file coords.txt (compact mmCIF, C-alpha atoms and all ligand atoms)
# COMPACT_ATOMS: atom_id res chain seq x y z
CA MET A 103 0.00 0.00 0.00
CA ASP A 104 2.79 2.42 0.89
CA ASN A 105 4.45 1.73 -2.45
CA ILE A 106 1.23 2.45 -4.29
CA LEU A 107 0.57 5.69 -2.40
CA ARG A 108 4.17 6.78 -2.95
CA GLN A 109 4.02 6.06 -6.64
CA LYS A 110 0.76 7.93 -7.10
CA LEU A 111 2.03 10.89 -5.10
CA LEU A 112 5.36 11.18 -6.91
CA ASP A 113 3.77 10.71 -10.34
CA TRP A 114 1.39 13.51 -9.51
CA TYR A 115 4.24 15.69 -8.19
CA ARG A 116 6.27 15.11 -11.33
CA ARG A 117 3.45 16.62 -13.37
CA ASN A 118 2.25 19.29 -10.93
CA ALA A 119 5.17 20.49 -8.79
CA ARG A 120 5.00 24.24 -8.22
CA ALA A 121 7.94 26.07 -9.79
CA LEU A 122 9.42 27.86 -6.78
CA PRO A 123 12.74 29.70 -6.72
CA TRP A 124 14.12 27.74 -3.75
CA ARG A 125 13.45 24.52 -5.65
CA ALA A 126 15.35 25.69 -8.72
CA ASP A 127 18.48 26.33 -6.68
CA VAL A 128 18.53 23.91 -3.75
CA SER A 129 21.06 24.62 -1.01
CA PRO A 130 20.73 24.19 2.76
CA TYR A 131 20.75 27.99 3.24
CA ASN A 132 18.10 28.54 0.56
CA VAL A 133 15.85 25.83 1.99
CA TRP A 134 16.30 27.24 5.49
CA LEU A 135 15.53 30.81 4.42
CA SER A 136 12.46 29.82 2.39
CA GLU A 137 11.05 27.61 5.14
CA ILE A 138 11.45 30.30 7.79
CA MET A 139 9.81 32.89 5.52
CA LEU A 140 6.98 30.52 4.65
CA GLN A 141 5.96 30.15 8.28
CA GLN A 142 2.72 32.15 8.63
CA THR A 143 3.19 33.70 5.18
CA ARG A 144 1.77 32.88 1.76
CA VAL A 145 4.05 31.55 -0.99
CA GLU A 146 3.15 34.42 -3.38
CA THR A 147 4.26 36.97 -0.77
CA VAL A 148 7.44 35.10 0.12
CA ILE A 149 8.79 34.90 -3.46
CA GLY A 150 9.68 38.62 -3.67
CA TYR A 151 11.07 38.78 -0.12
CA TYR A 152 13.12 35.65 -0.74
CA ALA A 153 14.76 37.10 -3.87
CA ARG A 154 15.58 40.41 -2.16
CA PHE A 155 16.95 38.75 0.97
CA LEU A 156 19.11 36.35 -1.01
CA GLU A 157 20.49 39.15 -3.14
CA ALA A 158 21.47 41.18 -0.07
CA LEU A 159 22.57 38.26 2.14
CA PRO A 160 23.38 35.31 -0.12
CA ASP A 161 24.86 32.92 2.44
CA VAL A 162 25.24 32.06 6.10
CA GLN A 163 28.35 34.21 6.50
CA SER A 164 26.77 37.37 5.09
CA LEU A 165 23.71 36.87 7.32
CA ALA A 166 25.94 36.39 10.37
CA ASP A 167 27.89 39.58 9.55
CA ALA A 168 24.94 41.85 8.66
CA PRO A 169 23.77 44.65 10.98
CA GLU A 170 20.50 43.66 12.67
CA GLU A 171 18.77 46.73 11.18
CA THR A 172 19.53 45.40 7.67
CA CYS A 173 17.95 42.03 8.48
CA LEU A 174 14.86 43.68 9.98
CA LYS A 175 14.49 45.97 6.97
CA LEU A 176 14.66 43.01 4.58
CA TRP A 177 11.97 41.34 6.69
CA GLU A 178 9.73 44.41 6.94
CA GLY A 179 6.12 43.49 6.19
CA LEU A 180 6.59 39.76 6.75
CA GLY A 181 5.91 40.12 10.48
CA TYR A 182 7.04 37.78 13.27
CA TYR A 183 10.42 39.48 13.36
CA SER A 184 11.81 37.02 15.89
CA ARG A 185 12.12 34.67 12.90
CA VAL A 186 14.84 36.75 11.26
CA ARG A 187 16.51 37.59 14.57
CA ASN A 188 16.75 33.89 15.36
CA MET A 189 18.04 33.18 11.87
CA GLN A 190 20.84 35.62 12.45
CA LYS A 191 21.66 34.13 15.87
CA ALA A 192 21.70 30.68 14.27
CA ALA A 193 23.90 31.92 11.39
CA ARG A 194 26.42 33.22 13.93
CA ILE A 195 26.48 29.83 15.67
CA VAL A 196 26.85 28.05 12.33
CA THR A 197 29.80 30.24 11.33
CA SER A 198 31.55 29.93 14.70
CA LYS A 199 30.89 26.24 15.39
CA PHE A 200 30.24 24.55 12.05
CA GLY A 201 32.56 26.42 9.69
CA GLY A 202 29.64 28.18 7.98
CA ARG A 203 27.90 24.95 6.89
CA LEU A 204 24.49 24.09 8.31
CA PRO A 205 24.49 20.83 10.28
CA GLU A 206 23.15 17.94 8.22
CA THR A 207 20.89 16.11 10.66
CA LYS A 208 17.51 17.00 12.07
CA LYS A 209 18.81 16.40 15.58
CA GLU A 210 21.60 18.96 15.24
CA LEU A 211 19.45 21.45 13.34
CA LEU A 212 16.95 21.41 16.19
CA ARG A 213 19.60 22.86 18.51
CA LEU A 214 19.78 26.10 16.50
CA PRO A 215 17.66 29.10 17.50
CA GLY A 216 14.36 29.39 15.61
CA ILE A 217 14.52 25.91 14.09
CA GLY A 218 11.67 23.73 15.31
CA ASP A 219 10.56 20.27 14.35
CA TYR A 220 8.94 21.26 11.05
CA THR A 221 11.83 23.41 9.79
CA ALA A 222 14.51 20.94 10.90
CA SER A 223 12.64 18.16 9.08
CA ALA A 224 12.21 20.23 5.93
CA ILE A 225 15.92 21.19 5.79
CA ALA A 226 17.16 17.72 6.72
CA SER A 227 14.95 16.03 4.13
CA ILE A 228 15.19 18.48 1.21
CA ALA A 229 18.86 19.43 1.57
CA PHE A 230 20.29 16.26 3.14
CA ALA A 231 17.85 13.44 2.20
CA GLU A 232 17.06 12.48 5.80
CA PRO A 233 13.69 10.68 6.00
CA ALA A 234 12.07 13.20 8.37
CA VAL A 235 8.39 14.10 7.92
CA ALA A 236 7.94 17.89 7.76
CA LEU A 237 4.64 17.93 9.54
CA ASP A 238 2.65 21.15 9.27
CA GLY A 239 -1.00 22.07 8.92
CA ASN A 240 -1.06 20.91 5.29
CA LEU A 241 0.12 17.41 6.11
CA LEU A 242 -2.13 17.13 9.16
CA ARG A 243 -5.12 18.06 7.04
CA VAL A 244 -4.25 15.52 4.34
CA PHE A 245 -3.72 12.86 7.02
CA ALA A 246 -7.01 13.70 8.78
CA ARG A 247 -8.95 13.41 5.51
CA MET A 248 -7.15 10.35 4.22
CA THR A 249 -7.91 8.47 7.44
CA ALA A 250 -11.15 10.28 8.42
CA TYR A 251 -9.45 10.97 11.77
CA GLU A 252 -12.23 11.56 14.29
CA GLN A 253 -10.29 13.47 16.98
CA ASP A 254 -8.86 17.00 17.07
CA ALA A 255 -6.31 17.10 14.25
CA ARG A 256 -4.08 19.49 16.25
CA SER A 257 -3.62 17.07 19.14
CA ASN A 258 -0.27 15.43 19.89
CA GLU A 259 -1.82 12.08 19.13
CA ALA A 260 -2.83 13.28 15.66
CA LYS A 261 0.71 14.49 15.04
CA GLU A 262 2.20 11.15 16.02
CA LEU A 263 -0.25 9.23 13.89
CA ALA A 264 0.32 11.53 10.93
CA ARG A 265 4.09 11.03 11.18
CA ALA A 266 3.57 7.28 11.29
CA PHE A 267 1.26 7.55 8.25
CA PHE A 268 3.69 9.52 6.06
CA SER A 269 7.00 8.09 7.26
CA PRO A 270 6.92 4.85 5.23
CA LEU A 271 6.53 6.91 2.04
CA MET A 272 10.05 8.25 2.57
CA ASN A 273 11.71 4.90 2.85
CA GLY A 274 11.66 3.12 -0.45
CA ASN A 275 13.44 2.95 -3.75
CA ALA A 276 12.06 -0.23 -5.20
CA PRO A 277 11.51 -0.28 -8.97
CA GLY A 278 8.00 0.84 -9.74
CA ASP A 279 7.53 2.90 -6.55
CA GLY A 280 7.57 6.13 -8.52
CA ALA A 281 10.97 7.29 -7.31
CA GLU A 282 12.87 6.56 -10.50
CA ARG A 283 10.50 8.73 -12.56
CA MET A 284 11.25 11.71 -10.38
CA SER A 285 14.76 12.09 -11.76
CA GLU A 286 13.24 13.95 -14.70
CA THR A 287 12.03 16.75 -12.46
CA GLN A 288 15.12 17.32 -10.40
CA ASN A 289 16.76 20.06 -12.48
CA GLY A 290 20.13 18.41 -12.36
CA GLN A 291 19.96 17.81 -8.60
CA ALA A 292 20.48 14.26 -7.34
CA PHE A 293 17.13 12.59 -6.70
CA ASN A 294 16.10 12.78 -3.07
CA LEU A 295 13.12 10.69 -2.01
CA PRO A 296 12.39 12.16 1.45
CA GLY A 297 12.70 15.72 0.15
CA SER A 298 10.47 15.01 -2.83
CA VAL A 299 7.81 13.30 -0.69
CA ASN A 300 7.72 16.25 1.72
CA GLN A 301 7.52 18.77 -1.11
CA ALA A 302 4.86 16.74 -2.91
CA LEU A 303 2.79 16.66 0.30
CA MET A 304 3.27 20.40 0.78
CA ASP A 305 1.99 20.98 -2.75
CA LEU A 306 -0.88 18.57 -2.35
CA GLY A 307 -2.03 20.38 0.80
CA ALA A 308 -1.54 23.82 -0.74
CA THR A 309 -3.16 23.25 -4.14
CA VAL A 310 -5.57 20.29 -3.93
CA CYS A 311 -6.47 19.25 -0.40
CA LEU A 312 -7.23 22.85 0.47
CA ALA A 313 -7.44 24.45 3.90
CA ASN A 314 -10.11 27.10 3.52
CA ALA A 315 -12.14 25.71 0.65
CA ALA A 316 -13.52 22.38 -0.45
CA PRO A 317 -10.76 19.94 -1.48
CA VAL A 318 -10.45 19.42 -5.22
CA CYS A 319 -10.64 15.64 -4.93
CA GLU A 320 -10.95 14.96 -8.66
CA LEU A 321 -7.36 16.26 -9.05
CA CYS A 322 -5.99 14.32 -6.09
CA PRO A 323 -3.65 11.38 -6.70
CA TRP A 324 -5.09 9.67 -3.61
CA ARG A 325 -8.76 10.13 -4.47
CA ASP A 326 -9.38 6.36 -4.54
CA ASP A 327 -7.58 5.83 -1.24
CA CYS A 328 -9.13 8.59 0.85
CA GLU A 329 -11.47 7.57 3.65
CA ALA A 330 -13.13 10.97 4.05
CA ARG A 331 -13.93 10.97 0.33
CA ARG A 332 -15.24 7.41 0.46
CA GLN A 333 -17.58 8.49 3.26
CA GLY A 334 -18.59 11.63 1.36
CA LYS A 335 -17.46 13.75 4.34
CA THR A 336 -14.38 15.60 3.12
CA GLU A 337 -15.74 18.90 4.44
CA GLN A 338 -16.00 17.51 7.97
CA PHE A 339 -12.27 16.85 8.30
CA PRO A 340 -9.96 17.89 9.85
CA ILE A 341 -11.86 18.15 13.11
CA LYS A 342 -10.82 21.13 15.18
CA THR A 343 -12.06 21.99 18.63
CA GLU A 344 -13.05 25.61 19.13
CA LYS A 345 -10.24 28.08 19.75
CA LYS A 346 -10.70 30.94 22.19
CA PRO A 347 -11.39 34.24 20.41
CA ARG A 348 -8.41 36.63 20.21
CA PRO A 349 -8.49 39.42 22.79
CA VAL A 350 -9.07 42.87 21.29
CA GLU A 351 -6.92 45.83 22.41
CA ASN A 352 -7.87 49.40 21.61
CA ARG A 353 -4.98 51.72 20.85
CA THR A 354 -4.41 55.26 19.63
CA VAL A 355 -1.65 55.86 17.09
CA LEU A 356 -0.10 59.24 16.29
CA VAL A 357 1.50 60.26 13.02
CA ILE A 358 3.48 63.25 14.26
CA LEU A 359 4.81 65.35 11.39
CA ARG A 360 7.50 67.92 11.74
CA GLY A 361 8.41 69.38 8.39
CA GLU A 362 9.30 66.42 6.18
CA ASN A 363 10.02 64.19 9.15
CA ILE A 364 7.85 61.67 10.97
CA ALA A 365 8.23 60.71 14.63
CA LEU A 366 9.12 57.09 15.31
CA ARG A 367 9.70 55.35 18.57
CA ARG A 368 11.95 52.38 19.26
CA ARG A 369 10.01 49.61 21.01
CA PRO A 370 11.46 47.88 24.07
CA ARG A 371 13.85 44.93 23.48
CA LYS A 372 11.33 42.50 24.96
CA GLY A 373 7.69 41.68 24.25
CA LEU A 374 5.46 42.17 21.23
CA LEU A 375 7.34 43.61 18.17
CA ALA A 376 10.47 43.83 20.33
CA GLY A 377 13.15 46.30 19.27
CA LEU A 378 11.32 47.47 16.14
CA ASN A 379 10.35 51.04 15.30
CA GLU A 380 6.77 52.16 15.61
CA LEU A 381 4.52 55.15 15.32
CA PRO A 382 4.00 56.46 18.86
CA ASN A 383 0.90 54.80 20.28
CA THR A 384 -0.81 54.23 23.56
CA ALA A 385 -3.49 52.02 25.07
CA GLY A 386 -7.13 53.07 24.68
CA ILE A 387 -9.03 55.21 22.21
CA LEU A 388 -8.21 58.89 22.81
CA ASP A 389 -10.26 61.86 21.67
CA GLU A 390 -8.55 64.81 19.95
CA ALA A 391 -7.72 66.52 23.23
CA GLY A 392 -6.25 63.28 24.56
CA ALA A 393 -4.17 62.83 21.41
CA VAL A 394 -2.77 66.36 21.79
CA ARG A 395 -1.94 65.66 25.44
CA PHE A 396 -0.16 62.44 24.46
CA ALA A 397 1.89 64.28 21.81
CA LYS A 398 2.92 66.82 24.46
CA GLU A 399 3.96 64.03 26.80
CA LEU A 400 6.22 62.79 24.01
CA GLY A 401 7.86 66.22 23.91
CA PHE A 402 6.12 67.82 20.90
CA SER A 403 4.24 71.09 20.68
CA PRO A 404 1.17 70.26 18.57
CA LEU A 405 0.08 72.92 16.08
CA ARG A 406 -2.76 71.10 14.30
CA VAL A 407 -4.53 67.81 14.79
CA LYS A 408 -6.55 65.74 12.30
CA ARG A 409 -8.38 62.46 12.83
CA LEU A 410 -7.37 59.60 10.48
CA PRO A 411 -9.53 56.66 9.40
CA PRO A 412 -9.51 53.90 12.03
CA ALA A 413 -7.57 50.69 11.36
CA LYS A 414 -7.35 47.14 12.61
CA HIS A 415 -4.42 44.72 12.78
CA VAL A 416 -4.68 41.04 13.57
CA PHE A 417 -1.74 39.36 15.32
CA THR A 418 -1.69 35.65 16.07
CA HIS A 419 -2.87 36.07 19.64
CA ARG A 420 -4.50 39.48 19.74
CA GLU A 421 -6.16 42.17 17.64
CA TRP A 422 -5.47 45.87 17.71
CA HIS A 423 -8.33 48.22 16.92
CA MET A 424 -6.72 51.59 16.36
CA ALA A 425 -7.74 55.22 16.26
CA GLY A 426 -5.26 57.46 14.45
CA TYR A 427 -4.39 61.15 14.50
CA GLU A 428 -2.12 63.23 12.31
CA ILE A 429 -0.41 65.86 14.42
CA ARG A 430 1.55 68.71 12.88
CA ALA A 431 4.05 69.69 15.50
CA ASP A 432 6.78 72.04 16.37
CA GLU A 433 10.16 70.63 17.19
CA LEU A 434 10.82 67.87 19.65
CA SER A 435 11.47 69.89 22.80
CA PRO A 436 13.81 68.97 25.64
CA PHE A 437 12.12 66.94 28.31
CA PRO A 438 10.67 69.50 30.78
CA ALA A 439 12.01 69.05 34.29
CA ASP A 440 8.62 69.69 35.89
CA CYS A 441 6.75 67.24 33.61
CA ALA A 442 4.97 64.45 35.45
CA CYS A 443 5.03 62.16 32.40
CA ASP A 444 7.05 59.00 32.05
CA GLU A 445 10.57 59.73 30.79
CA GLY A 446 10.89 56.20 29.37
CA LEU A 447 7.84 56.91 27.23
CA ARG A 448 9.66 59.47 25.11
CA SER A 449 13.33 58.70 25.57
CA SER A 450 13.18 56.46 22.52
CA VAL A 451 11.30 58.89 20.24
CA PHE A 452 13.19 60.23 17.23
CA LEU A 453 12.49 61.94 13.92
CA ALA A 454 13.19 60.18 10.65
CA ASP A 455 12.70 61.40 7.10
CA LYS A 456 10.53 59.45 4.69
CA LYS A 457 13.44 58.06 2.69
CA GLU A 458 15.04 56.70 5.87
CA ILE A 459 11.77 55.11 6.89
CA ARG A 460 11.38 53.52 3.47
CA GLU A 461 14.96 52.27 3.23
CA ARG A 462 16.39 51.86 6.69
CA PHE A 463 13.99 51.61 9.62
CA ALA A 464 11.80 48.52 9.94
CA VAL A 465 8.28 49.44 11.00
CA PRO A 466 5.86 46.55 11.60
CA SER A 467 2.87 46.25 9.30
CA ALA A 468 0.56 46.87 12.27
CA PHE A 469 1.19 50.56 11.50
CA SER A 470 0.98 50.38 7.71
CA ALA A 471 -2.58 51.66 7.48
CA PHE A 472 -1.39 54.99 8.95
CA LEU A 473 2.21 55.16 7.74
CA SER A 474 1.32 54.34 4.14
CA LEU A 475 -0.70 57.58 3.96
CA TYR A 476 2.58 59.51 4.20
CA LEU A 477 5.28 57.46 2.45
S1 LIG B 1 -9.27 12.82 -1.97
FE1 LIG B 1 -9.84 14.89 -1.47
S2 LIG B 1 -9.99 14.98 0.74
FE2 LIG B 1 -8.91 13.10 0.23
S3 LIG B 1 -6.75 13.64 0.38
FE3 LIG B 1 -7.36 13.93 -1.76
S4 LIG B 1 -8.00 16.10 -1.91
FE4 LIG B 1 -7.90 15.55 0.26

call {"tool": "encode", "arguments": {"input": "coords.txt", "output": "C-alpha cells"}}
result
Amino acid sequence: MDNILRQKLLDWYRRNARALPWRADVSPYNVWLSEIMLQQTRVETVIGYYARFLEALPDVQSLADAPEETCLKLWEGLGYYSRVRNMQKAARIVTSKFGGRLPETKKELLRLPGIGDYTASAIASIAFAEPAVALDGNLLRVFARMTAYEQDARSNEAKELARAFFSPLMNGNAPGDGAERMSETQNGQAFNLPGSVNQALMDLGATVCLANAAPVCELCPWRDDCEARRQGKTEQFPIKTEKKPRPVENRTVLVILRGENIALRRRPRKGLLAGLNELPNTAGILDEAGAVRFAKELGFSPLRVKRLPPAKHVFTHREWHMAGYEIRADELSPFPADCACDEGLRSSVFLADKKEIRERFAVPSAFSAFLSLYL
C-alpha cells in the first residue's frame, strides 16, 4: 500500500510540482531561508522577499555579519520578526561552530535558535535526504482526511499518527515505486526521495487538499484511497475543537509630522514587536484633546490635529483596533524638568525622514494603514 501511495504521489508531483525559486536552486541555506519565511506567510508573498533577501545576504556568512537593522528591513512586512533575529543568531552559531555549513541532521538542526521540528525536518529532508516528515497544517489536514481521523487534528496524538502515516513513504526505492520517474524533475539535482515526498505533500495540501475551501478531490492522486472521500465527508475533516477568540486591544496611534520628518519610537527589546520602530501609540481610544496631550507628553508642541480613518491589525494572539491622528508639530522639545510624564515613554522617540523610513527603519505592518498615507 505504501508503495502504491508513494508512486501515485510522486507521479502527480512530477506533473504538478509548483515552480518555486528555492526549488530551482537547492542549497541548505536557501531551503532554510524559504522555510522560515513561509511560516505564517503565503508563498506568493514570500517569493519577492526571498529574492531580495538572497540578493542582499546570499549565504550564512553574510547573514551572520549583517547589521540587525539590515535584516529587519529586509523582513519588513513579513511580520514575526523574531524569525529573522533567530536566523541571524543561528547563522552566527553556524559560522563559529560549524565552519559556515548548516548541520546535516535534524537532531543537530533542532539545537539552532528558531529551528523547530517542522523546519529541521524540511531542511534535513530536502537538503540532506534524511527521512524526516515535515509535519505542518497541510500534512495534518491531508492525514485527517485520508484516514477520516475523528479526533482534534491538532492534538499530539494526531501528530504522532500523521508522522507514522507519512513516514513509510520516505523509505523506499524499489523499482516501480515512482521514485525513478522523479529524476526527470530534479533540475540536475540528485534525486532525493524524502525531500520530494515532503515537497509533494506540501503541494498537495496547498493546491488540492485545500485548507479554507472544499478539497479538489478529482485532481488528487489519492482520491481512490481517501477515507473521508469514500464516506462523502471531506468537508468535515480535519476536526478542530473551538479556539478561544483573540483578545481585542484598543490603541491610539499618532502620526506626528515635523516638516518632512515623521516621529518614530523604538520599542522595548522585549515583548510584542520587540526592538522594532513604531509610530507612537498608547493604550485606549483617545479623543482629539487626549491625542494632543499624548503628543505633548512625548515632547512635541502640537500645532494642528486631524483624525485619520480607524484601522485594525490582527496578530496571532490578539487584535489591535486603532484610532489614528495626524499631528503637525513644532520641534521635539527637551524633556521638561517639571513634567509628570514617564521619561521612558519618550526617551526612545526620534524623527526620521521618509526616505530613511522607506529604506532603513523597519516598522511593523501593524502601523501600515497609517504610515502608508505619508510614504
Ligand atoms: S481525496 Fe480529497 S480529501 Fe482526500 S486527500 Fe485527496 S483532496 Fe484531500

call {"tool": "closest_residue", "arguments": {"input": "coords.txt", "among": "A:Lys408, A:His415, A:Arg368, A:Lys398", "to": "Asn352 in chain A", "atoms": "all atoms listed in the file"}}
result
A:His415

call {"tool": "closest_atom_pairs", "arguments": {"input": "coords.txt", "of": "chain A", "to": "ligand LIG 1 (chain B)", "cutoff": "6 Å", "atoms": "all atoms listed in the file", "output": "CSV"}}
result
residue,atom,partner,partner_atom,distance
A:Val244,CA,B:LIG1,S3,5.0
A:Arg247,CA,B:LIG1,S2,5.1
A:Met248,CA,B:LIG1,S3,5.1
A:Val310,CA,B:LIG1,S4,5.2
A:Cys311,CA,B:LIG1,S4,3.8
A:Pro317,CA,B:LIG1,S4,4.7
A:Val318,CA,B:LIG1,S4,5.3
A:Cys319,CA,B:LIG1,FE1,3.6
A:Cys322,CA,B:LIG1,FE3,4.6
A:Trp324,CA,B:LIG1,FE3,5.2
A:Arg325,CA,B:LIG1,S1,3.7
A:Cys328,CA,B:LIG1,FE2,4.6
A:Arg331,CA,B:LIG1,FE2,5.5
A:Thr336,CA,B:LIG1,S2,5.0

call {"tool": "closest_residue", "arguments": {"input": "coords.txt", "among": "A:Lys457, A:Arg369, A:Arg430, A:Lys335", "to": "Ala393 in chain A", "atoms": "all atoms listed in the file"}}
result
A:Arg430

call {"tool": "closest_residue", "arguments": {"input": "coords.txt", "among": "A:Ala231, A:Ala313, A:Val145, A:Val357", "to": "Pro130 in chain A", "atoms": "only C-alpha atoms"}}
result
A:Ala231

call {"tool": "closest_atom_pairs", "arguments": {"input": "coords.txt", "of": "range 359-413 of chain A", "to": "range 449-453 of chain A", "cutoff": "6 Å", "atoms": "only C-alpha atoms", "output": "CSV"}}
result
residue,atom,partner,partner_atom,distance
A:Asn363,CA,A:Leu453,CA,5.8
A:Ile364,CA,A:Leu453,CA,5.5
A:Ala365,CA,A:Leu453,CA,4.5
A:Leu366,CA,A:Phe452,CA,5.5
A:Arg367,CA,A:Val451,CA,4.2
A:Arg368,CA,A:Ser450,CA,5.4

call {"tool": "closest_residue", "arguments": {"input": "coords.txt", "among": "A:Tyr115, A:Tyr476, A:Phe402, A:Tyr427", "to": "Leu295 in chain A", "atoms": "all atoms listed in the file"}}
result
A:Tyr115

call {"tool": "closest_residue", "arguments": {"input": "coords.txt", "among": "A:Leu321, A:Leu242, A:Ile358, A:Leu165", "to": "Ser403 in chain A", "atoms": "all atoms listed in the file"}}
result
A:Ile358

call {"tool": "closest_residue", "arguments": {"input": "coords.txt", "among": "A:Thr343, A:Ser227, A:Thr309, A:Asn294", "to": "Ala255 in chain A", "atoms": "all atoms listed in the file"}}
result
A:Thr343

call {"tool": "residues_around", "arguments": {"input": "coords.txt", "residues": "Asn314 in chain A", "least_positions_apart": "5", "cutoff": "12 Å", "atoms": "all atoms listed in the file", "output": "list in words"}}
result
Gly239, Asn240, Arg243, Gly307, Ala308, Thr309, Glu337, Phe339 and Pro340 of chain A

call {"tool": "closest_atom_pairs", "arguments": {"input": "coords.txt", "of": "range 146-240 of chain A", "to": "range 460-463 of chain A", "cutoff": "10 Å", "atoms": "all atoms listed in the file", "output": "JSON lines"}}
result
{"residue": "A:Glu171", "atom": "CA", "partner": "A:Phe463", "partner_atom": "CA", "distance": 7.0}
{"residue": "A:Thr172", "atom": "CA", "partner": "A:Arg462", "partner_atom": "CA", "distance": 7.2}
{"residue": "A:Leu174", "atom": "CA", "partner": "A:Phe463", "partner_atom": "CA", "distance": 8.0}
{"residue": "A:Lys175", "atom": "CA", "partner": "A:Arg462", "partner_atom": "CA", "distance": 6.2}
{"residue": "A:Leu176", "atom": "CA", "partner": "A:Arg462", "partner_atom": "CA", "distance": 9.3}
{"residue": "A:Glu178", "atom": "CA", "partner": "A:Phe463", "partner_atom": "CA", "distance": 8.8}

call {"tool": "atom_distance", "arguments": {"input": "coords.txt", "atom1": "CA of Ala330 in chain A", "atom2": "CA of Tyr251 in chain A"}}
result
8.6 Å

call {"tool": "atom_distance", "arguments": {"input": "coords.txt", "atom1": "CA of Ala158 in chain A", "atom2": "CA of Ser470 in chain A"}}
result
23.8 Å

call {"tool": "residues_near_point", "arguments": {"input": "coords.txt", "point": "(-3.0, 17.6, 12.6)", "cutoff": "10 Å", "atoms": "all atoms listed in the file", "output": "list of chain:residue names"}}
result
A:Leu237, A:Asp238, A:Gly239, A:Asn240, A:Leu241, A:Leu242, A:Arg243, A:Val244, A:Phe245, A:Ala246, A:Tyr251, A:Gln253, A:Asp254, A:Ala255, A:Arg256, A:Ser257, A:Asn258, A:Glu259, A:Ala260, A:Lys261, A:Glu262, A:Leu263, A:Ala264, A:Arg265, A:Pro340, A:Ile341, A:Lys342
